[in-house]
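Text of start-v6.pdb, listed as PDB, C-alpha atoms:
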ATOM      1  CA  MET F  33     108.345  85.236 114.226
ATOM      2  CA  LEU F  34     109.718  88.593 113.321
ATOM      3  CA  THR F  35     108.063  91.856 114.177
ATOM      4  CA  ILE F  36     109.408  95.307 114.664
ATOM      5  CA  GLU F  37     108.261  95.242 118.274
ATOM      6  CA  LEU F  38     109.962  91.923 118.892
ATOM      7  CA  ILE F  39     113.246  93.129 117.455
ATOM      8  CA  GLN F  40     113.055  96.357 119.389
ATOM      9  CA  ASN F  41     112.589  94.531 122.660
ATOM     10  CA  LYS F  42     115.069  91.771 122.010
ATOM     11  CA  PHE F  43     117.960  93.980 120.938
ATOM     12  CA  ASP F  44     117.049  97.107 122.885
ATOM     13  CA  VAL F  45     116.914  99.194 119.729
ATOM     14  CA  THR F  46     114.547 101.729 118.218
ATOM     15  CA  ILE F  47     113.464 101.255 114.614
ATOM     16  CA  ASN F  48     111.798 103.969 112.574
ATOM     17  CA  PRO F  49     110.515 103.731 109.039
ATOM     18  CA  ILE F  50     112.206 106.072 106.571
ATOM     19  CA  ILE F  51     109.377 107.646 104.646
ATOM     20  CA  ASP F  52     109.338 109.537 101.369
ATOM     21  CA  SER F  53     106.457 111.901 100.735
ATOM     22  CA  VAL F  54     104.923 112.012  97.306
ATOM     23  CA  ASP F  55     105.545 115.365  95.671
ATOM     24  CA  GLU F  56     102.121 116.969  95.743
ATOM     25  CA  HIS F  57     102.482 118.629  92.358
ATOM     26  CA  ASN F  58     103.294 115.423  90.537
ATOM     27  CA  ASP F  59     100.799 113.430  92.489
ATOM     28  CA  ASP F  60      98.426 112.444  89.741
ATOM     29  CA  ILE F  61     101.070 111.725  87.161
ATOM     30  CA  ARG F  62     102.915 109.434  89.495
ATOM     31  CA  SER F  63      99.869 107.523  90.652
ATOM     32  CA  ASN F  64      99.137 106.747  87.036
ATOM     33  CA  VAL F  65     102.623 105.517  86.451
ATOM     34  CA  SER F  66     102.530 103.261  89.469
ATOM     35  CA  SER F  67      99.155 101.776  88.629
ATOM     36  CA  GLU F  68     100.315 100.949  85.127
ATOM     37  CA  TYR F  69     103.214  98.987  86.478
ATOM     38  CA  ASP F  70     103.410  95.653  84.735
ATOM     39  CA  SER F  71     104.712  92.838  86.858
ATOM     40  CA  ARG F  72     104.851  90.109  84.231
ATOM     41  CA  PRO F  73     108.192  88.342  84.245
ATOM     42  CA  ARG F  74     110.340  89.033  81.192
ATOM     43  CA  GLN F  75     113.537  87.809  79.710
ATOM     44  CA  THR F  76     116.240  90.142  80.877
ATOM     45  CA  LYS F  77     119.813  90.021  79.798
ATOM     46  CA  ILE F  78     122.212  91.478  82.251
ATOM     47  CA  GLN F  79     125.787  92.204  81.518
ATOM     48  CA  LEU F  80     127.848  93.115  84.510
ATOM     49  CA  ARG F  81     130.881  95.224  84.167
ATOM     50  CA  PRO F  82     133.075  94.359  87.133
ATOM     51  CA  ASP F  83     134.389  97.898  87.345
ATOM     52  CA  TRP F  84     130.854  99.227  87.924
ATOM     53  CA  ALA F  85     130.199  97.116  90.972
ATOM     54  CA  MET F  86     132.146  99.436  93.204
ATOM     55  CA  ILE F  87     130.158 102.439  92.072
ATOM     56  CA  ALA F  88     126.845 100.662  92.478
ATOM     57  CA  ALA F  89     127.764  99.665  96.017
ATOM     58  CA  HIS F  90     129.354 102.947  97.030
ATOM     59  CA  ARG F  91     127.328 104.769  99.619
ATOM     60  CA  LYS F  92     127.809 108.161  98.035
ATOM     61  CA  PHE F  93     127.940 107.387  94.342
ATOM     62  CA  LYS F  94     125.140 104.858  94.568
ATOM     63  CA  LEU F  95     122.594 107.702  94.595
ATOM     64  CA  GLU F  96     124.100 109.339  91.546
ATOM     65  CA  TYR F  97     124.209 105.976  89.838
ATOM     66  CA  LYS F  98     120.552 105.372  90.610
ATOM     67  CA  GLU F  99     119.727 108.801  89.226
ATOM     68  CA  PHE F 100     121.673 107.929  86.105
ATOM     69  CA  ILE F 101     119.749 104.701  85.570
ATOM     70  CA  ARG F 102     116.468 106.485  86.131
ATOM     71  CA  ASN F 103     117.208 109.095  83.480
ATOM     72  CA  TYR F 104     118.888 106.764  81.075
TER      73      TYR F 104
ATOM     74  CA  MET Q  71     112.758  88.981  85.889
ATOM     75  CA  SER Q  72     110.991  86.524  88.111
ATOM     76  CA  SER Q  73     113.261  86.959  91.107
ATOM     77  CA  PRO Q  74     114.953  90.082  92.454
ATOM     78  CA  ILE Q  75     118.021  88.066  93.378
ATOM     79  CA  LEU Q  76     120.278  86.424  90.799
ATOM     80  CA  VAL Q  77     123.044  84.194  91.967
ATOM     81  CA  HIS Q  78     126.235  84.654  89.999
ATOM     82  CA  HIS Q  79     129.237  82.539  91.003
ATOM     83  CA  GLY Q  80     127.802  82.205  94.472
ATOM     84  CA  ILE Q  81     127.256  85.913  94.884
ATOM     85  CA  ASP Q  82     123.764  87.348  95.253
ATOM     86  CA  ILE Q  83     123.134  90.072  92.741
ATOM     87  CA  LYS Q  84     120.160  92.046  93.950
ATOM     88  CA  PHE Q  85     117.864  94.179  91.867
ATOM     89  CA  LYS Q  86     115.589  96.931  92.945
ATOM     90  CA  ARG Q  87     113.147  98.995  90.975
ATOM     91  CA  THR Q  88     114.115 102.637  90.812
ATOM     92  CA  LYS Q  89     110.561 103.907  90.470
ATOM     93  CA  GLN Q  90     108.868 104.132  93.817
ATOM     94  CA  ILE Q  91     105.340 102.862  94.340
ATOM     95  CA  ILE Q  92     102.766 104.990  96.123
ATOM     96  CA  ASP Q  93     101.545 103.397  99.310
ATOM     97  CA  LYS Q  94      97.855 102.634  98.967
ATOM     98  CA  THR Q  95      97.176 101.795 102.595
ATOM     99  CA  SER Q  96      99.098 104.427 104.548
ATOM    100  CA  PHE Q  97      99.458 108.176 104.681
ATOM    101  CA  ILE Q  98     100.822 110.916 106.888
ATOM    102  CA  LEU Q  99      99.073 113.657 108.828
ATOM    103  CA  LYS Q 100     101.227 116.576 109.780
ATOM    104  CA  THR Q 101     100.901 119.740 111.808
ATOM    105  CA  SER Q 102     103.401 122.212 113.229
ATOM    106  CA  ILE Q 103     104.367 122.363 116.895
ATOM    107  CA  THR Q 104     105.244 125.678 118.468
ATOM    108  CA  ASP Q 105     105.678 124.272 121.961
ATOM    109  CA  GLU Q 106     105.087 120.986 123.750
ATOM    110  CA  GLN Q 107     101.746 122.167 125.116
ATOM    111  CA  ASN Q 108     100.118 122.670 121.778
ATOM    112  CA  LYS Q 109     100.724 119.136 120.612
ATOM    113  CA  ILE Q 110      97.447 117.487 119.741
ATOM    114  CA  ASP Q 111      96.832 114.551 122.029
ATOM    115  CA  SER Q 112      96.742 111.138 120.438
ATOM    116  CA  LEU Q 113      93.127 110.469 121.359
ATOM    117  CA  ARG Q 114      91.927 113.494 119.403
ATOM    118  CA  PHE Q 115      94.187 112.494 116.539
ATOM    119  CA  ASP Q 116      92.718 108.995 116.523
ATOM    120  CA  LEU Q 117      89.231 110.454 116.344
ATOM    121  CA  TYR Q 118      90.232 112.733 113.504
ATOM    122  CA  VAL Q 119      91.678 109.798 111.596
ATOM    123  CA  SER Q 120      88.453 107.841 112.011
ATOM    124  CA  THR Q 121      86.532 110.740 110.498
ATOM    125  CA  LEU Q 122      88.844 110.550 107.481
ATOM    126  CA  VAL Q 123      88.875 106.836 106.795
ATOM    127  CA  GLY Q 124      86.223 105.333 109.009
ATOM    128  CA  ASN Q 125      86.616 103.650 112.329
ATOM    129  CA  ASN Q 126      87.019 100.062 111.250
ATOM    130  CA  PHE Q 127      89.751 100.693 108.770
ATOM    131  CA  VAL Q 128      92.446 102.203 110.939
ATOM    132  CA  ASP Q 129      95.069  99.637 111.700
ATOM    133  CA  LYS Q 130      97.880 101.455 113.423
ATOM    134  CA  ILE Q 131      98.877 105.050 114.059
ATOM    135  CA  SER Q 132     102.569 105.614 114.688
ATOM    136  CA  ASP Q 133     104.022 108.803 116.094
ATOM    137  CA  LEU Q 134     106.983 110.011 114.020
ATOM    138  CA  SER Q 135     107.012 113.549 115.389
ATOM    139  CA  SER Q 136     110.061 115.770 115.302
ATOM    140  CA  ASP Q 137     110.769 118.838 117.429
ATOM    141  CA  SER Q 138     108.996 121.195 115.086
ATOM    142  CA  GLU Q 139     106.297 118.993 113.614
ATOM    143  CA  GLN Q 140     103.772 116.519 114.859
ATOM    144  CA  ILE Q 141     103.787 113.699 112.337
ATOM    145  CA  MET Q 142     101.478 110.722 112.458
ATOM    146  CA  LEU Q 143     101.832 107.737 110.185
ATOM    147  CA  VAL Q 144      98.422 106.205 109.637
ATOM    148  CA  GLY Q 145      98.255 102.612 108.496
ATOM    149  CA  CYS Q 146      94.890 101.446 107.206
ATOM    150  CA  LYS Q 147      93.309  98.099 106.669
ATOM    151  CA  GLY Q 148      91.045  98.939 103.836
ATOM    152  CA  GLN Q 149      89.064 101.170 101.653
ATOM    153  CA  ILE Q 150      86.143 103.306 102.633
ATOM    154  CA  GLY Q 151      82.867 102.438 101.046
ATOM    155  CA  LYS Q 152      83.892  99.322  99.217
ATOM    156  CA  PHE Q 153      84.010  95.785 100.526
ATOM    157  CA  ILE Q 154      81.769  96.761 103.377
ATOM    158  CA  PHE Q 155      79.770  93.599 102.760
ATOM    159  CA  PHE Q 156      82.667  91.387 103.678
ATOM    160  CA  SER Q 157      82.419  89.684 107.008
ATOM    161  CA  GLU Q 158      85.057  90.486 109.579
ATOM    162  CA  PHE Q 159      86.802  87.283 108.668
ATOM    163  CA  PHE Q 160      87.046  88.209 105.030
ATOM    164  CA  LYS Q 161      88.221  91.671 105.877
ATOM    165  CA  PHE Q 162      90.904  90.064 107.956
ATOM    166  CA  ILE Q 163      92.080  87.918 105.090
ATOM    167  CA  PHE Q 164      91.837  90.549 102.396
ATOM    168  CA  ASN Q 165      93.185  93.391 104.477
ATOM    169  CA  SER Q 166      96.291  93.912 102.476
ATOM    170  CA  PHE Q 167      94.668  93.701  99.118
ATOM    171  CA  ILE Q 168      92.153  96.436  99.677
ATOM    172  CA  GLU Q 169      93.385  99.868  98.749
ATOM    173  CA  LEU Q 170      92.582 103.160 100.322
ATOM    174  CA  ASP Q 171      90.408 105.535  98.300
ATOM    175  CA  PHE Q 172      92.639 108.572  98.446
ATOM    176  CA  VAL Q 173      90.243 110.896  96.680
ATOM    177  CA  LYS Q 174      87.774 110.401  99.515
ATOM    178  CA  VAL Q 175      90.372 110.782 102.219
ATOM    179  CA  ARG Q 176      91.561 114.012 100.639
ATOM    180  CA  GLN Q 177      88.017 115.339 100.386
ATOM    181  CA  ALA Q 178      87.416 114.513 104.033
ATOM    182  CA  ASN Q 179      90.598 116.328 104.994
ATOM    183  CA  LYS Q 180      89.612 119.363 102.896
ATOM    184  CA  SER Q 181      86.185 119.585 104.393
ATOM    185  CA  ARG Q 182      87.649 119.441 107.878
ATOM    186  CA  PRO Q 183      91.195 120.762 107.647
ATOM    187  CA  GLN Q 184      91.582 121.810 111.276
ATOM    188  CA  LEU Q 185      91.939 120.059 114.583
ATOM    189  CA  SER Q 186      92.293 122.037 117.830
ATOM    190  CA  ASN Q 187      92.583 125.174 115.657
ATOM    191  CA  LYS Q 188      95.611 123.799 113.854
ATOM    192  CA  ASP Q 189      95.890 122.988 110.188
ATOM    193  CA  ILE Q 190      96.313 119.302 109.482
ATOM    194  CA  THR Q 191      98.142 118.494 106.279
ATOM    195  CA  LEU Q 192      97.513 115.217 104.555
ATOM    196  CA  ILE Q 193     100.488 113.712 102.761
ATOM    197  CA  GLN Q 194     100.655 110.727 100.491
ATOM    198  CA  ILE Q 195     103.743 108.580 100.832
ATOM    199  CA  TYR Q 196     105.673 105.961  98.926
ATOM    200  CA  GLU Q 197     105.808 102.395 100.130
ATOM    201  CA  CYS Q 198     108.324 102.175 102.872
ATOM    202  CA  ASP Q 199     111.350 100.088 101.996
ATOM    203  CA  ALA Q 200     113.912 101.504 104.392
ATOM    204  CA  LEU Q 201     114.384 101.653 108.137
ATOM    205  CA  GLU Q 202     116.481 103.656 110.545
ATOM    206  CA  ILE Q 203     117.802 101.790 113.557
ATOM    207  CA  HIS Q 204     119.727 102.806 116.677
ATOM    208  CA  TYR Q 205     120.385 101.383 120.140
ATOM    209  CA  ASN Q 206     118.323 102.743 122.990
ATOM    210  CA  THR Q 207     121.476 103.151 125.039
ATOM    211  CA  GLU Q 208     122.798 106.607 124.297
ATOM    212  CA  ASN Q 209     125.992 106.784 122.255
ATOM    213  CA  LYS Q 210     126.151 103.034 121.770
ATOM    214  CA  SER Q 211     127.569 102.524 118.301
ATOM    215  CA  ILE Q 212     126.004 100.089 115.871
ATOM    216  CA  THR Q 213     128.113  97.903 113.583
ATOM    217  CA  GLU Q 214     127.685  95.763 110.502
ATOM    218  CA  ASN Q 215     127.770  92.656 112.662
ATOM    219  CA  ASP Q 216     124.991  94.038 114.845
ATOM    220  CA  LEU Q 217     122.858  94.517 111.745
ATOM    221  CA  LYS Q 218     123.597  90.980 110.574
ATOM    222  CA  ASN Q 219     122.535  89.712 113.950
ATOM    223  CA  ILE Q 220     119.389  91.826 114.251
ATOM    224  CA  PHE Q 221     118.139  91.235 110.706
ATOM    225  CA  LYS Q 222     119.397  87.669 110.442
ATOM    226  CA  SER Q 223     116.174  86.174 109.083
ATOM    227  CA  VAL Q 224     115.650  88.868 106.422
ATOM    228  CA  TRP Q 225     119.284  89.483 105.581
ATOM    229  CA  LYS Q 226     118.852  88.246 102.032
ATOM    230  CA  ASN Q 227     116.177  90.854 101.399
ATOM    231  CA  ILE Q 228     118.383  93.736 102.417
ATOM    232  CA  PHE Q 229     119.506  95.726  99.414
ATOM    233  CA  SER Q 230     121.925  98.048 101.102
ATOM    234  CA  TYR Q 231     122.781  99.627 104.418
ATOM    235  CA  ASN Q 232     124.843 102.511 105.557
ATOM    236  CA  PHE Q 233     125.836 104.338 108.701
ATOM    237  CA  PRO Q 234     125.003 108.058 108.643
ATOM    238  CA  SER Q 235     126.635 108.244 112.067
ATOM    239  CA  GLU Q 236     128.329 105.768 114.382
ATOM    240  CA  ASN Q 237     125.208 105.320 116.452
ATOM    241  CA  CYS Q 238     122.687 104.866 113.718
ATOM    242  CA  ALA Q 239     122.203 102.693 110.663
ATOM    243  CA  GLU Q 240     119.912 102.870 107.649
ATOM    244  CA  VAL Q 241     118.766  99.646 106.075
ATOM    245  CA  GLU Q 242     117.124  99.472 102.679
ATOM    246  CA  PHE Q 243     115.240  96.429 101.456
ATOM    247  CA  ILE Q 244     114.925  95.100  97.924
ATOM    248  CA  ASN Q 245     111.217  95.724  98.056
ATOM    249  CA  ALA Q 246     110.503  92.945  95.574
ATOM    250  CA  ASP Q 247     107.514  91.919  97.625
ATOM    251  CA  GLY Q 248     107.456  95.357  99.144
ATOM    252  CA  LYS Q 249     103.994  95.362 100.552
ATOM    253  CA  ILE Q 250     104.402  92.045 102.264
ATOM    254  CA  LEU Q 251     107.697  93.078 103.718
ATOM    255  CA  PHE Q 252     106.122  96.269 104.881
ATOM    256  CA  LYS Q 253     103.223  94.412 106.412
ATOM    257  CA  ARG Q 254     105.572  91.970 107.936
ATOM    258  CA  PHE Q 255     107.234  94.749 109.772
ATOM    259  CA  PHE Q 256     104.570  97.231 110.541
ATOM    260  CA  LEU Q 257     101.217  95.555 110.502
ATOM    261  CA  PHE Q 258     102.003  92.165 111.788
ATOM    262  CA  LYS Q 259      98.440  91.313 112.551
ATOM    263  CA  ASN Q 260      97.769  89.430 109.369
ATOM    264  CA  PHE Q 261      99.174  86.096 110.323
ATOM    265  CA  PHE Q 262      97.083  84.367 107.712
ATOM    266  CA  LEU Q 263      98.524  86.464 104.987
ATOM    267  CA  LEU Q 264     101.994  85.661 106.136
ATOM    268  CA  PHE Q 265     101.347  81.993 106.029
ATOM    269  CA  LEU Q 266     100.056  82.410 102.523
ATOM    270  CA  SER Q 267     103.103  84.286 101.451
ATOM    271  CA  PHE Q 268     105.785  81.891 102.642
TER     272      PHE Q 268
END

Can you present the structure in this file as structure tokens?
Amino acid sequence: MLTIELIQNKFDVTINPIIDSVDEHNDDIRSNVSSEYDSRPRQTKIQLRPDWAMIAAHRKFKLEYKEFIRNY
Amino acid sequence: MSSPILVHHGIDIKFKRTKQIIDKTSFILKTSITDEQNKIDSLRFDLYVSTLVGNNFVDKISDLSSDSEQIMLVGCKGQIGKFIFFSEFFKFIFNSFIELDFVKVRQANKSRPQLSNKDITLIQIYECDALEIHYNTENKSITENDLKNIFKSVWKNIFSYNFPSENCAEVEFINADGKILFKRFFLFKNFFLLFLSF
């Protein structure tokens, strides 16, 4: 069975969670958004452009790409 | 989409939601540190936390302090006030499904904002889907193969990883079943729940 403690002991590593704080000013707005999240499965059509894969996987551009999708 | 992983010509294409979800069972308490001596000891912190959420609901308090700030990650089992009629057994089973009443926690923090004459800030957080990992041996570098070895059983659920420095790696999960993954890692007491989820 896998636990953080087990991994830490077995591999002699330290594992810390990376935590994002909720922006206090947008607090209420965001909680509403998250509670309205609809998890019903839907038909999704995905077209992959091979030349985008590199950007999506790139450690630096990935963030910009994510930002782009978010604002799209 | 019913699954966060699509297989396309034998390659896993992984999807991750870009909107983060607020964690409903954990939060952070923070205070500044001017020197080592004025750090609040963990016992007092524990007591403070129980006044915020109630004694029976605290699951785990992790110390994430930096040099300048004392930061405590508080993981809770359940909500104050509600579900109090459940037996211990039911609480155990439903732990992860009961959310924290943040309005109450915030009120409690406002009505008692200080501990040992220091201001305690309450911070809401997003569900944790990423980890930082490094070897305990100083200056031992960590490689991709090390990560594959360490996270072997959850490798499929890893969305991305990168190495901010040679000695440290950051691993981000797909977070499709975020809460369960989170629980799996940080609150591994709910064995029942895990059995249910596999």

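Using the PyMOL selection byres ((chain Q) within 6 of (chain F)) on the file at hand returns these residues: Met71, Ser72, Ile91, Gln194, Ile195, Tyr196, Cys198, Ala200, Leu201, Glu202, Ile203, His204, Tyr205, Asn206 and Phe255 of chain Q.
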
> Q:Ser132, Q:Thr191, Q:Gln177, Q:Thr213: which is nearest Leu99 (chain Q), counting all atoms listed in the file?
Replying inline: Q:Thr191

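For the choices Q:Leu192, Q:Ser136, Q:Lys218, Q:Gln107, the atom-to-atom distance to Val119 (chain Q) is smallest for Q:Leu192 when using all atoms listed in the file.
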
Give, as JSON, the centre coordinates and the x, y and z edge lengths in Å to one decimal for an axis-aligned box around all listed atoms of region 75-86 of chain Q, padded by 8 Å on each side.
{"center_x": 122.4, "center_y": 89.6, "center_z": 92.6, "size_x": 29.6, "size_y": 30.7, "size_z": 21.3}

> Which one of Q:Gln140, Q:Thr104, Q:Gln90, Q:Ser96 sits closest to Val128 (chain Q) if you count all atoms listed in the file?
Replying inline: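 With all atoms listed in the file as the atom set, the closest residue is Q:Ser96.
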
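Of the listed residues (Q:Ile212, Q:Ile110, Q:Val224, Q:Ile244), Q:Ile244 comes nearest to Arg87 (chain Q); the distances count only C-alpha atoms.
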
>> I'd like the interatomic distance between CA of Ser211 (chain Q) and CA of Glu236 (chain Q), to a tenth of an Å.
In response: 5.1 Å

>> Please compute the CA of Phe243 (chain Q)-CA of Phe85 (chain Q) distance, one decimal, in Å.
In response: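 Going from CA of Phe243 (chain Q) over to CA of Phe85 (chain Q) covers 10.2 Å.
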
> Expressed in Å to a single decimal, how great is the separation between CA of Lys94 (chain Q) and CA of Ile228 (chain Q)?
Replying inline: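 Separation of CA of Lys94 (chain Q) and CA of Ile228 (chain Q): 22.6 Å.
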